[in-house]
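Structure data follow from protein38.pdb (PDB, C-alpha atoms, pLDDT in the B column):
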```pdb
MODEL        1
ATOM      1  CA  GLY B   1      -7.582  -1.520  28.681  1.00 60.00           C
ATOM      2  CA  ALA B   2     -10.274  -4.080  27.963  1.00 64.00           C
ATOM      3  CA  VAL B   3     -12.690  -4.763  30.765  1.00 87.00           C
ATOM      4  CA  VAL B   4     -14.539  -7.686  29.201  1.00 94.00           C
ATOM      5  CA  SER B   5     -13.223 -10.409  26.926  1.00 95.00           C
ATOM      6  CA  GLN B   6     -15.033 -12.968  24.811  1.00 97.00           C
ATOM      7  CA  HIS B   7     -13.785 -16.196  23.352  1.00 97.00           C
ATOM      8  CA  PRO B   8     -13.829 -17.168  20.594  1.00 97.00           C
ATOM      9  CA  SER B   9     -14.090 -14.022  18.494  1.00 97.00           C
ATOM     10  CA  TRP B  10     -15.541 -16.025  15.648  1.00 97.00           C
ATOM     11  CA  VAL B  11     -16.621 -19.616  15.129  1.00 97.00           C
ATOM     12  CA  ILE B  12     -17.965 -21.673  12.258  1.00 97.00           C
ATOM     13  CA  CYS B  13     -19.773 -24.902  13.015  1.00 96.00           C
ATOM     14  CA  LYS B  14     -21.908 -27.497  11.333  1.00 96.00           C
ATOM     15  CA  SER B  15     -25.641 -27.617  11.820  1.00 97.00           C
ATOM     16  CA  GLY B  16     -26.591 -29.777  14.793  1.00 96.00           C
ATOM     17  CA  THR B  17     -23.436 -29.200  16.799  1.00 97.00           C
ATOM     18  CA  SER B  18     -23.103 -27.192  20.015  1.00 97.00           C
ATOM     19  CA  VAL B  19     -20.957 -24.125  20.489  1.00 97.00           C
ATOM     20  CA  LYS B  20     -19.755 -22.561  23.735  1.00 97.00           C
ATOM     21  CA  ILE B  21     -18.965 -18.846  24.014  1.00 98.00           C
ATOM     22  CA  GLU B  22     -17.106 -17.500  27.033  1.00 97.00           C
ATOM     23  CA  CYS B  23     -17.446 -14.041  28.550  1.00 96.00           C
ATOM     24  CA  ARG B  24     -14.859 -12.966  31.111  1.00 95.00           C
ATOM     25  CA  SER B  25     -14.776  -9.949  33.359  1.00 92.00           C
ATOM     26  CA  LEU B  26     -11.081  -9.110  33.430  1.00 91.00           C
ATOM     27  CA  ASP B  27     -10.459  -6.869  36.388  1.00 84.00           C
ATOM     28  CA  PHE B  28     -13.479  -7.006  38.673  1.00 82.00           C
ATOM     29  CA  GLN B  29     -16.074  -9.377  39.994  1.00 86.00           C
ATOM     30  CA  ALA B  30     -19.357  -9.325  38.115  1.00 86.00           C
ATOM     31  CA  THR B  31     -22.415 -10.780  39.776  1.00 85.00           C
ATOM     32  CA  THR B  32     -24.517  -9.921  36.740  1.00 89.00           C
ATOM     33  CA  MET B  33     -23.714 -10.310  33.075  1.00 92.00           C
ATOM     34  CA  PHE B  34     -25.935  -9.843  30.048  1.00 94.00           C
ATOM     35  CA  TRP B  35     -26.065 -11.692  26.742  1.00 96.00           C
ATOM     36  CA  TYR B  36     -27.221  -9.893  23.600  1.00 96.00           C
ATOM     37  CA  ARG B  37     -27.678 -11.031  20.030  1.00 97.00           C
ATOM     38  CA  GLN B  38     -27.219  -8.773  17.024  1.00 96.00           C
ATOM     39  CA  PHE B  39     -28.268  -9.751  13.513  1.00 92.00           C
ATOM     40  CA  PRO B  40     -26.653  -7.975  10.552  1.00 88.00           C
ATOM     41  CA  LYS B  41     -27.567  -4.302  10.306  1.00 87.00           C
ATOM     42  CA  GLN B  42     -29.842  -4.606  13.321  1.00 92.00           C
ATOM     43  CA  SER B  43     -29.785  -3.530  16.928  1.00 94.00           C
ATOM     44  CA  LEU B  44     -28.780  -5.486  20.003  1.00 95.00           C
ATOM     45  CA  MET B  45     -31.509  -7.640  21.479  1.00 94.00           C
ATOM     46  CA  LEU B  46     -31.243  -8.810  25.066  1.00 94.00           C
ATOM     47  CA  MET B  47     -31.332 -12.588  25.300  1.00 95.00           C
ATOM     48  CA  ALA B  48     -30.792 -13.209  28.990  1.00 95.00           C
ATOM     49  CA  THR B  49     -29.445 -11.936  32.264  1.00 93.00           C
ATOM     50  CA  SER B  50     -26.797 -14.151  33.780  1.00 90.00           C
ATOM     51  CA  ASN B  51     -26.577 -14.167  37.565  1.00 87.00           C
ATOM     52  CA  GLU B  52     -23.655 -15.708  39.411  1.00 86.00           C
ATOM     53  CA  GLY B  53     -24.677 -18.778  41.354  1.00 84.00           C
ATOM     54  CA  SER B  54     -28.251 -18.875  40.130  1.00 86.00           C
ATOM     55  CA  LYS B  55     -30.284 -19.594  37.050  1.00 89.00           C
ATOM     56  CA  ALA B  56     -30.262 -17.123  34.192  1.00 92.00           C
ATOM     57  CA  THR B  57     -33.304 -15.036  33.415  1.00 93.00           C
ATOM     58  CA  TYR B  58     -34.343 -15.326  29.791  1.00 95.00           C
ATOM     59  CA  GLU B  59     -36.225 -12.784  27.735  1.00 93.00           C
ATOM     60  CA  GLN B  60     -39.525 -13.716  26.213  1.00 92.00           C
ATOM     61  CA  GLY B  61     -39.085 -15.744  23.072  1.00 93.00           C
ATOM     62  CA  VAL B  62     -35.577 -16.979  23.891  1.00 95.00           C
ATOM     63  CA  GLU B  63     -35.403 -20.751  24.289  1.00 94.00           C
ATOM     64  CA  LYS B  64     -33.604 -21.509  27.528  1.00 92.00           C
ATOM     65  CA  ASP B  65     -32.966 -25.120  26.499  1.00 94.00           C
ATOM     66  CA  LYS B  66     -31.294 -23.991  23.312  1.00 96.00           C
ATOM     67  CA  PHE B  67     -29.224 -21.161  24.769  1.00 97.00           C
ATOM     68  CA  LEU B  68     -27.698 -22.538  27.953  1.00 96.00           C
ATOM     69  CA  ILE B  69     -26.122 -19.986  30.242  1.00 95.00           C
ATOM     70  CA  ASN B  70     -23.788 -20.844  33.093  1.00 91.00           C
ATOM     71  CA  HIS B  71     -22.424 -18.166  35.410  1.00 90.00           C
ATOM     72  CA  ALA B  72     -20.288 -20.350  37.643  1.00 82.00           C
ATOM     73  CA  SER B  73     -17.896 -17.713  38.916  1.00 89.00           C
ATOM     74  CA  LEU B  74     -17.758 -13.964  39.415  1.00 89.00           C
ATOM     75  CA  THR B  75     -15.565 -13.549  36.364  1.00 91.00           C
ATOM     76  CA  LEU B  76     -16.964 -16.031  33.864  1.00 93.00           C
ATOM     77  CA  SER B  77     -20.275 -16.582  32.131  1.00 94.00           C
ATOM     78  CA  THR B  78     -20.738 -19.021  29.267  1.00 95.00           C
ATOM     79  CA  LEU B  79     -23.376 -19.219  26.571  1.00 97.00           C
ATOM     80  CA  THR B  80     -23.806 -22.579  24.872  1.00 97.00           C
ATOM     81  CA  VAL B  81     -25.810 -22.710  21.675  1.00 97.00           C
ATOM     82  CA  THR B  82     -27.066 -26.289  21.532  1.00 97.00           C
ATOM     83  CA  SER B  83     -27.939 -28.079  18.310  1.00 96.00           C
ATOM     84  CA  ALA B  84     -27.128 -24.982  16.340  1.00 96.00           C
ATOM     85  CA  HIS B  85     -28.940 -24.234  13.088  1.00 96.00           C
ATOM     86  CA  PRO B  86     -28.231 -21.687  10.360  1.00 96.00           C
ATOM     87  CA  GLU B  87     -30.827 -19.312  11.808  1.00 95.00           C
ATOM     88  CA  ASP B  88     -28.705 -19.115  14.976  1.00 96.00           C
ATOM     89  CA  SER B  89     -25.953 -17.453  12.955  1.00 96.00           C
ATOM     90  CA  SER B  90     -25.493 -14.059  14.544  1.00 96.00           C
ATOM     91  CA  PHE B  91     -23.194 -11.798  16.516  1.00 97.00           C
ATOM     92  CA  TYR B  92     -23.333 -12.550  20.244  1.00 98.00           C
ATOM     93  CA  ILE B  93     -22.226  -9.888  22.713  1.00 97.00           C
ATOM     94  CA  CYS B  94     -21.913 -10.028  26.477  1.00 96.00           C
ATOM     95  CA  SER B  95     -21.730  -7.169  28.927  1.00 95.00           C
ATOM     96  CA  VAL B  96     -21.094  -6.605  32.611  1.00 92.00           C
ATOM     97  CA  ILE B  97     -22.319  -3.962  35.006  1.00 86.00           C
ATOM     98  CA  ARG B  98     -19.818  -1.843  36.819  1.00 80.00           C
ATOM     99  CA  GLY B  99     -19.692   1.332  38.846  1.00 75.00           C
ATOM    100  CA  ILE B 100     -22.136   3.475  40.738  1.00 73.00           C
ATOM    101  CA  TYR B 101     -24.127   4.202  37.609  1.00 72.00           C
ATOM    102  CA  ASN B 102     -24.429   0.500  36.764  1.00 76.00           C
ATOM    103  CA  GLU B 103     -22.706   1.242  33.505  1.00 82.00           C
ATOM    104  CA  GLN B 104     -22.466  -1.646  31.061  1.00 88.00           C
ATOM    105  CA  PHE B 105     -19.143  -2.616  29.564  1.00 91.00           C
ATOM    106  CA  PHE B 106     -19.358  -4.762  26.486  1.00 95.00           C
ATOM    107  CA  GLY B 107     -17.222  -7.593  25.248  1.00 95.00           C
ATOM    108  CA  PRO B 108     -15.871  -7.505  21.687  1.00 96.00           C
ATOM    109  CA  GLY B 109     -18.495  -9.993  20.513  1.00 97.00           C
ATOM    110  CA  THR B 110     -18.472 -13.446  18.947  1.00 98.00           C
ATOM    111  CA  ARG B 111     -19.514 -14.035  15.372  1.00 97.00           C
ATOM    112  CA  LEU B 112     -21.213 -17.421  15.006  1.00 97.00           C
ATOM    113  CA  THR B 113     -21.778 -18.927  11.585  1.00 97.00           C
ATOM    114  CA  VAL B 114     -23.700 -22.188  11.363  1.00 97.00           C
ATOM    115  CA  LEU B 115     -23.368 -24.032   8.077  1.00 96.00           C
TER     116      LEU B 115
ATOM    117  CA  ALA G   1     -42.401  -2.030  28.280  1.00 67.00           C
ATOM    118  CA  GLN G   2     -40.059   0.691  27.161  1.00 74.00           C
ATOM    119  CA  THR G   3     -39.577   1.492  23.496  1.00 90.00           C
ATOM    120  CA  VAL G   4     -36.720   3.463  22.031  1.00 96.00           C
ATOM    121  CA  THR G   5     -37.109   5.016  18.594  1.00 96.00           C
ATOM    122  CA  GLN G   6     -34.370   6.298  16.341  1.00 97.00           C
ATOM    123  CA  SER G   7     -36.030   7.729  13.264  1.00 96.00           C
ATOM    124  CA  GLN G   8     -32.886   8.317  11.201  1.00 96.00           C
ATOM    125  CA  PRO G   9     -31.501   5.040   9.801  1.00 96.00           C
ATOM    126  CA  GLU G  10     -28.609   6.814   8.069  1.00 97.00           C
ATOM    127  CA  MET G  11     -26.957  10.205   8.265  1.00 97.00           C
ATOM    128  CA  SER G  12     -23.980  11.852   6.695  1.00 97.00           C
ATOM    129  CA  VAL G  13     -21.903  14.834   7.789  1.00 98.00           C
ATOM    130  CA  GLN G  14     -18.769  16.502   6.562  1.00 98.00           C
ATOM    131  CA  GLU G  15     -15.675  16.539   8.661  1.00 98.00           C
ATOM    132  CA  ALA G  16     -15.587  19.436  11.179  1.00 97.00           C
ATOM    133  CA  GLU G  17     -19.317  20.002  10.878  1.00 98.00           C
ATOM    134  CA  THR G  18     -21.989  19.386  13.503  1.00 98.00           C
ATOM    135  CA  VAL G  19     -24.622  16.668  13.366  1.00 98.00           C
ATOM    136  CA  THR G  20     -27.560  15.792  15.600  1.00 98.00           C
ATOM    137  CA  LEU G  21     -28.956  12.291  15.998  1.00 98.00           C
ATOM    138  CA  SER G  22     -32.475  11.968  17.313  1.00 98.00           C
ATOM    139  CA  CYS G  23     -33.931   9.542  19.826  1.00 98.00           C
ATOM    140  CA  THR G  24     -37.316   9.340  21.478  1.00 97.00           C
ATOM    141  CA  TYR G  25     -38.494   6.885  24.067  1.00 97.00           C
ATOM    142  CA  ASP G  26     -41.667   5.811  25.725  1.00 95.00           C
ATOM    143  CA  THR G  27     -41.854   4.932  29.394  1.00 92.00           C
ATOM    144  CA  SER G  28     -44.012   5.319  32.457  1.00 90.00           C
ATOM    145  CA  GLU G  29     -40.959   5.212  34.697  1.00 88.00           C
ATOM    146  CA  ASN G  30     -39.668   8.299  36.447  1.00 87.00           C
ATOM    147  CA  ASN G  31     -36.229   7.024  37.395  1.00 88.00           C
ATOM    148  CA  TYR G  32     -34.061   5.866  34.538  1.00 92.00           C
ATOM    149  CA  TYR G  33     -30.841   6.384  32.623  1.00 93.00           C
ATOM    150  CA  LEU G  34     -30.364   7.131  28.947  1.00 95.00           C
ATOM    151  CA  PHE G  35     -27.260   6.331  26.962  1.00 96.00           C
ATOM    152  CA  TRP G  36     -25.714   6.778  23.573  1.00 97.00           C
ATOM    153  CA  TYR G  37     -23.431   3.988  22.434  1.00 97.00           C
ATOM    154  CA  LYS G  38     -21.171   3.941  19.414  1.00 97.00           C
ATOM    155  CA  GLN G  39     -20.459   0.779  17.439  1.00 97.00           C
ATOM    156  CA  PRO G  40     -17.640   1.282  14.921  1.00 95.00           C
ATOM    157  CA  PRO G  41     -16.872  -1.259  12.178  1.00 92.00           C
ATOM    158  CA  SER G  42     -14.961  -3.322  14.745  1.00 92.00           C
ATOM    159  CA  ARG G  43     -18.380  -3.870  16.388  1.00 93.00           C
ATOM    160  CA  GLN G  44     -17.049  -3.088  19.858  1.00 94.00           C
ATOM    161  CA  MET G  45     -19.757  -1.175  21.748  1.00 95.00           C
ATOM    162  CA  ILE G  46     -18.408   2.029  23.246  1.00 94.00           C
ATOM    163  CA  LEU G  47     -20.247   4.290  25.672  1.00 93.00           C
ATOM    164  CA  VAL G  48     -20.436   7.837  24.325  1.00 96.00           C
ATOM    165  CA  ILE G  49     -22.508   9.626  26.933  1.00 95.00           C
ATOM    166  CA  ARG G  50     -24.909   9.007  29.813  1.00 94.00           C
ATOM    167  CA  GLN G  51     -27.827  11.023  31.189  1.00 95.00           C
ATOM    168  CA  GLU G  52     -29.621  10.466  34.465  1.00 92.00           C
ATOM    169  CA  ALA G  53     -33.322  11.278  34.183  1.00 93.00           C
ATOM    170  CA  TYR G  54     -33.387  13.134  37.485  1.00 91.00           C
ATOM    171  CA  LYS G  55     -30.785  15.612  36.261  1.00 91.00           C
ATOM    172  CA  GLN G  56     -32.084  18.611  34.346  1.00 88.00           C
ATOM    173  CA  GLN G  57     -28.649  19.592  33.097  1.00 93.00           C
ATOM    174  CA  ASN G  58     -27.717  18.114  29.762  1.00 95.00           C
ATOM    175  CA  ALA G  59     -24.699  15.819  29.795  1.00 94.00           C
ATOM    176  CA  THR G  60     -21.596  16.714  27.802  1.00 95.00           C
ATOM    177  CA  GLU G  61     -18.441  14.766  26.992  1.00 94.00           C
ATOM    178  CA  ASN G  62     -15.943  16.762  24.970  1.00 96.00           C
ATOM    179  CA  ARG G  63     -17.419  17.032  21.446  1.00 97.00           C
ATOM    180  CA  PHE G  64     -20.537  15.091  22.391  1.00 98.00           C
ATOM    181  CA  SER G  65     -23.563  16.607  24.100  1.00 97.00           C
ATOM    182  CA  VAL G  66     -27.178  15.712  24.535  1.00 98.00           C
ATOM    183  CA  ASN G  67     -30.444  17.604  24.487  1.00 97.00           C
ATOM    184  CA  PHE G  68     -32.575  15.850  27.085  1.00 97.00           C
ATOM    185  CA  GLN G  69     -36.224  16.851  27.092  1.00 96.00           C
ATOM    186  CA  LYS G  70     -37.851  14.699  29.763  1.00 95.00           C
ATOM    187  CA  ALA G  71     -41.411  15.864  29.230  1.00 94.00           C
ATOM    188  CA  ALA G  72     -41.140  15.264  25.505  1.00 95.00           C
ATOM    189  CA  LYS G  73     -39.232  11.998  26.094  1.00 96.00           C
ATOM    190  CA  SER G  74     -36.567  13.091  23.697  1.00 97.00           C
ATOM    191  CA  PHE G  75     -32.821  12.470  23.947  1.00 97.00           C
ATOM    192  CA  SER G  76     -30.816  13.730  20.976  1.00 98.00           C
ATOM    193  CA  LEU G  77     -27.049  13.512  20.533  1.00 98.00           C
ATOM    194  CA  LYS G  78     -25.046  16.376  19.073  1.00 98.00           C
ATOM    195  CA  ILE G  79     -21.597  15.699  17.698  1.00 98.00           C
ATOM    196  CA  SER G  80     -19.547  18.832  17.168  1.00 98.00           C
ATOM    197  CA  ASP G  81     -16.440  19.125  15.012  1.00 98.00           C
ATOM    198  CA  SER G  82     -17.126  15.718  13.464  1.00 98.00           C
ATOM    199  CA  GLN G  83     -14.102  13.535  12.825  1.00 97.00           C
ATOM    200  CA  LEU G  84     -13.601  10.632  10.428  1.00 97.00           C
ATOM    201  CA  GLY G  85     -13.300   8.342  13.438  1.00 96.00           C
ATOM    202  CA  ASP G  86     -16.860   9.199  14.420  1.00 97.00           C
ATOM    203  CA  THR G  87     -18.107   7.057  11.527  1.00 97.00           C
ATOM    204  CA  ALA G  88     -20.099   4.297  13.239  1.00 97.00           C
ATOM    205  CA  MET G  89     -23.517   3.033  14.215  1.00 97.00           C
ATOM    206  CA  TYR G  90     -24.972   5.010  17.083  1.00 98.00           C
ATOM    207  CA  PHE G  91     -27.477   3.408  19.416  1.00 97.00           C
ATOM    208  CA  CYS G  92     -29.708   5.175  21.887  1.00 98.00           C
ATOM    209  CA  ALA G  93     -30.476   3.052  24.949  1.00 96.00           C
ATOM    210  CA  PHE G  94     -32.798   3.155  27.943  1.00 94.00           C
ATOM    211  CA  MET G  95     -32.220   1.584  31.342  1.00 92.00           C
ATOM    212  CA  LYS G  96     -34.660   1.354  34.226  1.00 87.00           C
ATOM    213  CA  VAL G  97     -33.099   1.883  37.603  1.00 82.00           C
ATOM    214  CA  HIS G  98     -33.386  -0.881  40.174  1.00 72.00           C
ATOM    215  CA  SER G  99     -34.924  -3.293  37.729  1.00 69.00           C
ATOM    216  CA  GLY G 100     -32.222  -5.563  36.405  1.00 73.00           C
ATOM    217  CA  TYR G 101     -30.227  -2.815  34.687  1.00 80.00           C
ATOM    218  CA  ALA G 102     -30.596  -4.331  31.228  1.00 86.00           C
ATOM    219  CA  LEU G 103     -30.419  -1.965  28.275  1.00 92.00           C
ATOM    220  CA  ASN G 104     -33.205  -1.467  25.767  1.00 93.00           C
ATOM    221  CA  PHE G 105     -31.719  -0.273  22.477  1.00 95.00           C
ATOM    222  CA  GLY G 106     -33.097   1.682  19.568  1.00 96.00           C
ATOM    223  CA  LYS G 107     -32.535   0.411  16.039  1.00 96.00           C
ATOM    224  CA  GLY G 108     -29.548   2.635  15.514  1.00 97.00           C
ATOM    225  CA  THR G 109     -28.391   5.390  13.195  1.00 97.00           C
ATOM    226  CA  SER G 110     -25.541   4.797  10.785  1.00 97.00           C
ATOM    227  CA  LEU G 111     -23.377   7.922  10.706  1.00 98.00           C
ATOM    228  CA  LEU G 112     -20.884   8.525   7.922  1.00 98.00           C
ATOM    229  CA  VAL G 113     -18.359  11.323   8.289  1.00 98.00           C
ATOM    230  CA  THR G 114     -16.942  12.392   4.940  1.00 97.00           C
ATOM    231  CA  PRO G 115     -13.745  14.316   4.245  1.00 96.00           C
TER     232      PRO G 115
ENDMDL
END
```
Spell out the structure here as structure tokens.
Amino acid sequence: GAVVSQHPSWVICKSGTSVKIECRSLDFQATTMFWYRQFPKQSLMLMATSNEGSKATYEQGVEKDKFLINHASLTLSTLTVTSAHPEDSSFYICSVIRGIYNEQFFGPGTRLTVL
Amino acid sequence: AQTVTQSQPEMSVQEAETVTLSCTYDTSENNYYLFWYKQPPSRQMILVIRQEAYKQQNATENRFSVNFQKAAKSFSLKISDSQLGDTAMYFCAFMKVHSGYALNFGKGTSLLVTP
């Protein structure tokens, strides 16, 4: 069964509004979660590492004030896209680490369209 | 920084045939993991196979096997007895051990299995 869920699966919003995406670890506690972004026909690019109880670590070039990450519990991390613009339209995917090999399990992704 | 290169943007194979997807990487690390992930049209990322760099033996998972050449920094994926359900994007990924465990993906290879 699914290990990681994301909500919503797709969202359409107007330019200038904020959108929150949830990532839940369903059957285990995840101290670390990752957020990736995938543009059409491109690869996954790591945006940030979300650590439970502490500030997220952002990759170079990712605006931390625009992409707010909150990892308030061991089963939930949220990504808020603030003041969204059309160029933020993308597929956002989260993942969690599990097991002795630190294997990553991915959520089903959230498609964001900003009009 | 690690780079992962997949030189085949698209490939096609007939059902029941064998296909090999190539991947090379560049790193100065000695301890790392390599992965192949599959992303079908649903866009759910699925782990296909994993290889630990310290292991000389090539990993196999049913119809999927890898040819890991550490000195050449090459990590190819062989799919035997291809099935229509193997049609997907395939991403090669690199992970440093003990350094955050984030994945660094190649650009992907789009594989089409034809009847």
Practice item. Would you kindly report the residues of chain G within 12 Å of chain B, using all atoms listed in the file, as a count of residues only? Key: 49
Practice item. Identify, on the basis of only C-alpha atoms, every residue whose closest approach to Ser22 of chain G does not exceed 8 Å; exclude the query and any residue fewer than 6 positions from it along the same chain; express the result as a ChimeraX atom specification. Key: /G:6-8,74-77
Point to revise | Shell around His7 of chain B at 9 Å using only C-alpha atoms, local window under 5 positions removed, as a VMD selection string | key: chain B and resid 20 to 24 109 to 110
For the residues in that selection, give me C-alpha atoms as a compact mmCIF listing (two decimals), in the coordinates of the input.
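The result, stored in result36.txt:
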```txt
# COMPACT_ATOMS: atom_id res chain seq x y z
CA LYS B 20 -19.76 -22.56 23.74
CA ILE B 21 -18.96 -18.85 24.01
CA GLU B 22 -17.11 -17.50 27.03
CA CYS B 23 -17.45 -14.04 28.55
CA ARG B 24 -14.86 -12.97 31.11
CA GLY B 109 -18.50 -9.99 20.51
CA THR B 110 -18.47 -13.45 18.95
```
Exercise for review: Name the residues that the PyMOL selection byres ((chain G and resi 26) around 7) pulls out of this structure, and write them as a PyMOL selection string.
Suggested key: chain G and resi 2-4+25+27+73
Point to revise | Non-local contacts of Leu112 of chain B (8 Å; only C-alpha atoms; under 2 positions in same chain excluded) as a count of residues only | key: 11
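The residues returned by the PyMOL selection byres ((chain G and resi 78) around 9) for this structure are Thr18, Val19, Thr20, Leu21, Ser22, Arg63, Phe64, Ser65, Val66, Asn67, Ser76, Leu77, Ile79 and Ser80 of chain G.
Rounded to one decimal, atom CA of Cys23 of chain G and atom CA of Leu112 of chain G lie 17.7 Å from each other.
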Check your understanding: What is the atom CA of Ser83 of chain B to atom CA of Leu115 of chain B distance in Å?
Key -> 11.9 Å
As AutoDock Vina command-line options, please: the centre and edge lengths in Å, to one decimal, of an axis-aligned box enclosing every listed atom of segment 70-75 of chain G with 6 Å added on each side.
```
--center_x -37.1 --center_y 13.9 --center_z 26.7 --size_x 20.6 --size_y 15.9 --size_z 18.1
```
Study note, to complete from the structure: Here atom CA of Ala30 of chain B and atom CA of Cys94 of chain B stand apart by 11.9 Å
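Neighbourhood of point (-25.1, -27.9, 25.2): residues with an atom at most 10 Å away, counting only C-alpha atoms, are Thr17, Ser18, Val19, Lys20, Asp65, Lys66, Phe67, Leu68, Ile69, Leu79, Thr80, Val81, Thr82, Ser83 and Ala84 of chain B.
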**Study point:** Spatial neighbours of His71 of chain B, 7 Å, all atoms listed in the file, chain gap at least 6 places, as a ChimeraX atom specification
**Key:** /B:50-53,77-78
Please rebuild segment 64-71 of chain G with all heavy atoms and return the result as a tab-separated table (two decimals), in the coordinates of the input.
```
chain	number	residue	atom	x	y	z
G	64	PHE	N	-19.22	15.70	22.38
G	64	PHE	CA	-20.54	15.09	22.39
G	64	PHE	C	-21.40	15.74	23.48
G	64	PHE	O	-20.96	15.91	24.61
G	64	PHE	CB	-20.42	13.59	22.66
G	64	PHE	CG	-19.62	12.86	21.63
G	64	PHE	CD1	-18.24	12.72	21.75
G	64	PHE	CD2	-20.24	12.30	20.52
G	64	PHE	CE1	-17.50	12.05	20.80
G	64	PHE	CE2	-19.50	11.61	19.57
G	64	PHE	CZ	-18.13	11.50	19.70
G	65	SER	N	-22.63	16.06	23.11
G	65	SER	CA	-23.56	16.61	24.10
G	65	SER	C	-24.96	16.11	23.77
G	65	SER	O	-25.22	15.65	22.64
G	65	SER	CB	-23.53	18.14	24.09
G	65	SER	OG	-23.91	18.63	22.83
G	66	VAL	N	-25.81	16.16	24.75
G	66	VAL	CA	-27.18	15.71	24.54
G	66	VAL	C	-28.14	16.85	24.80
G	66	VAL	O	-27.84	17.80	25.52
G	66	VAL	CB	-27.54	14.49	25.42
G	66	VAL	CG1	-26.66	13.31	25.09
G	66	VAL	CG2	-27.49	14.85	26.88
G	67	ASN	N	-29.32	16.72	24.19
G	67	ASN	CA	-30.44	17.60	24.49
G	67	ASN	C	-31.54	16.71	25.05
G	67	ASN	O	-32.22	15.99	24.32
G	67	ASN	CB	-30.92	18.31	23.22
G	67	ASN	CG	-32.06	19.29	23.52
G	67	ASN	OD1	-32.46	19.47	24.68
G	67	ASN	ND2	-32.58	19.92	22.50
G	68	PHE	N	-31.64	16.72	26.38
G	68	PHE	CA	-32.58	15.85	27.08
G	68	PHE	C	-33.83	16.63	27.42
G	68	PHE	O	-33.79	17.60	28.18
G	68	PHE	CB	-31.92	15.31	28.36
G	68	PHE	CG	-32.83	14.52	29.25
G	68	PHE	CD1	-33.63	13.51	28.73
G	68	PHE	CD2	-32.86	14.75	30.61
G	68	PHE	CE1	-34.47	12.76	29.55
G	68	PHE	CE2	-33.69	14.01	31.45
G	68	PHE	CZ	-34.48	13.02	30.92
G	69	GLN	N	-34.93	16.22	26.84
G	69	GLN	CA	-36.22	16.85	27.09
G	69	GLN	C	-37.13	15.79	27.72
G	69	GLN	O	-37.77	15.00	27.02
G	69	GLN	CB	-36.83	17.36	25.77
G	69	GLN	CG	-35.98	18.37	25.03
G	69	GLN	CD	-35.90	19.69	25.76
G	69	GLN	OE1	-36.86	20.12	26.42
G	69	GLN	NE2	-34.75	20.34	25.67
G	70	LYS	N	-37.17	15.78	29.07
G	70	LYS	CA	-37.85	14.70	29.76
G	70	LYS	C	-39.35	14.68	29.47
G	70	LYS	O	-39.93	13.62	29.26
G	70	LYS	CB	-37.62	14.81	31.27
G	70	LYS	CG	-38.10	13.60	32.06
G	70	LYS	CD	-37.68	13.67	33.51
G	70	LYS	CE	-38.13	12.42	34.26
G	70	LYS	NZ	-37.72	12.45	35.68
G	71	ALA	N	-39.97	15.83	29.46
G	71	ALA	CA	-41.41	15.86	29.23
G	71	ALA	C	-41.76	15.37	27.83
G	71	ALA	O	-42.75	14.67	27.63
G	71	ALA	CB	-41.94	17.28	29.43
```
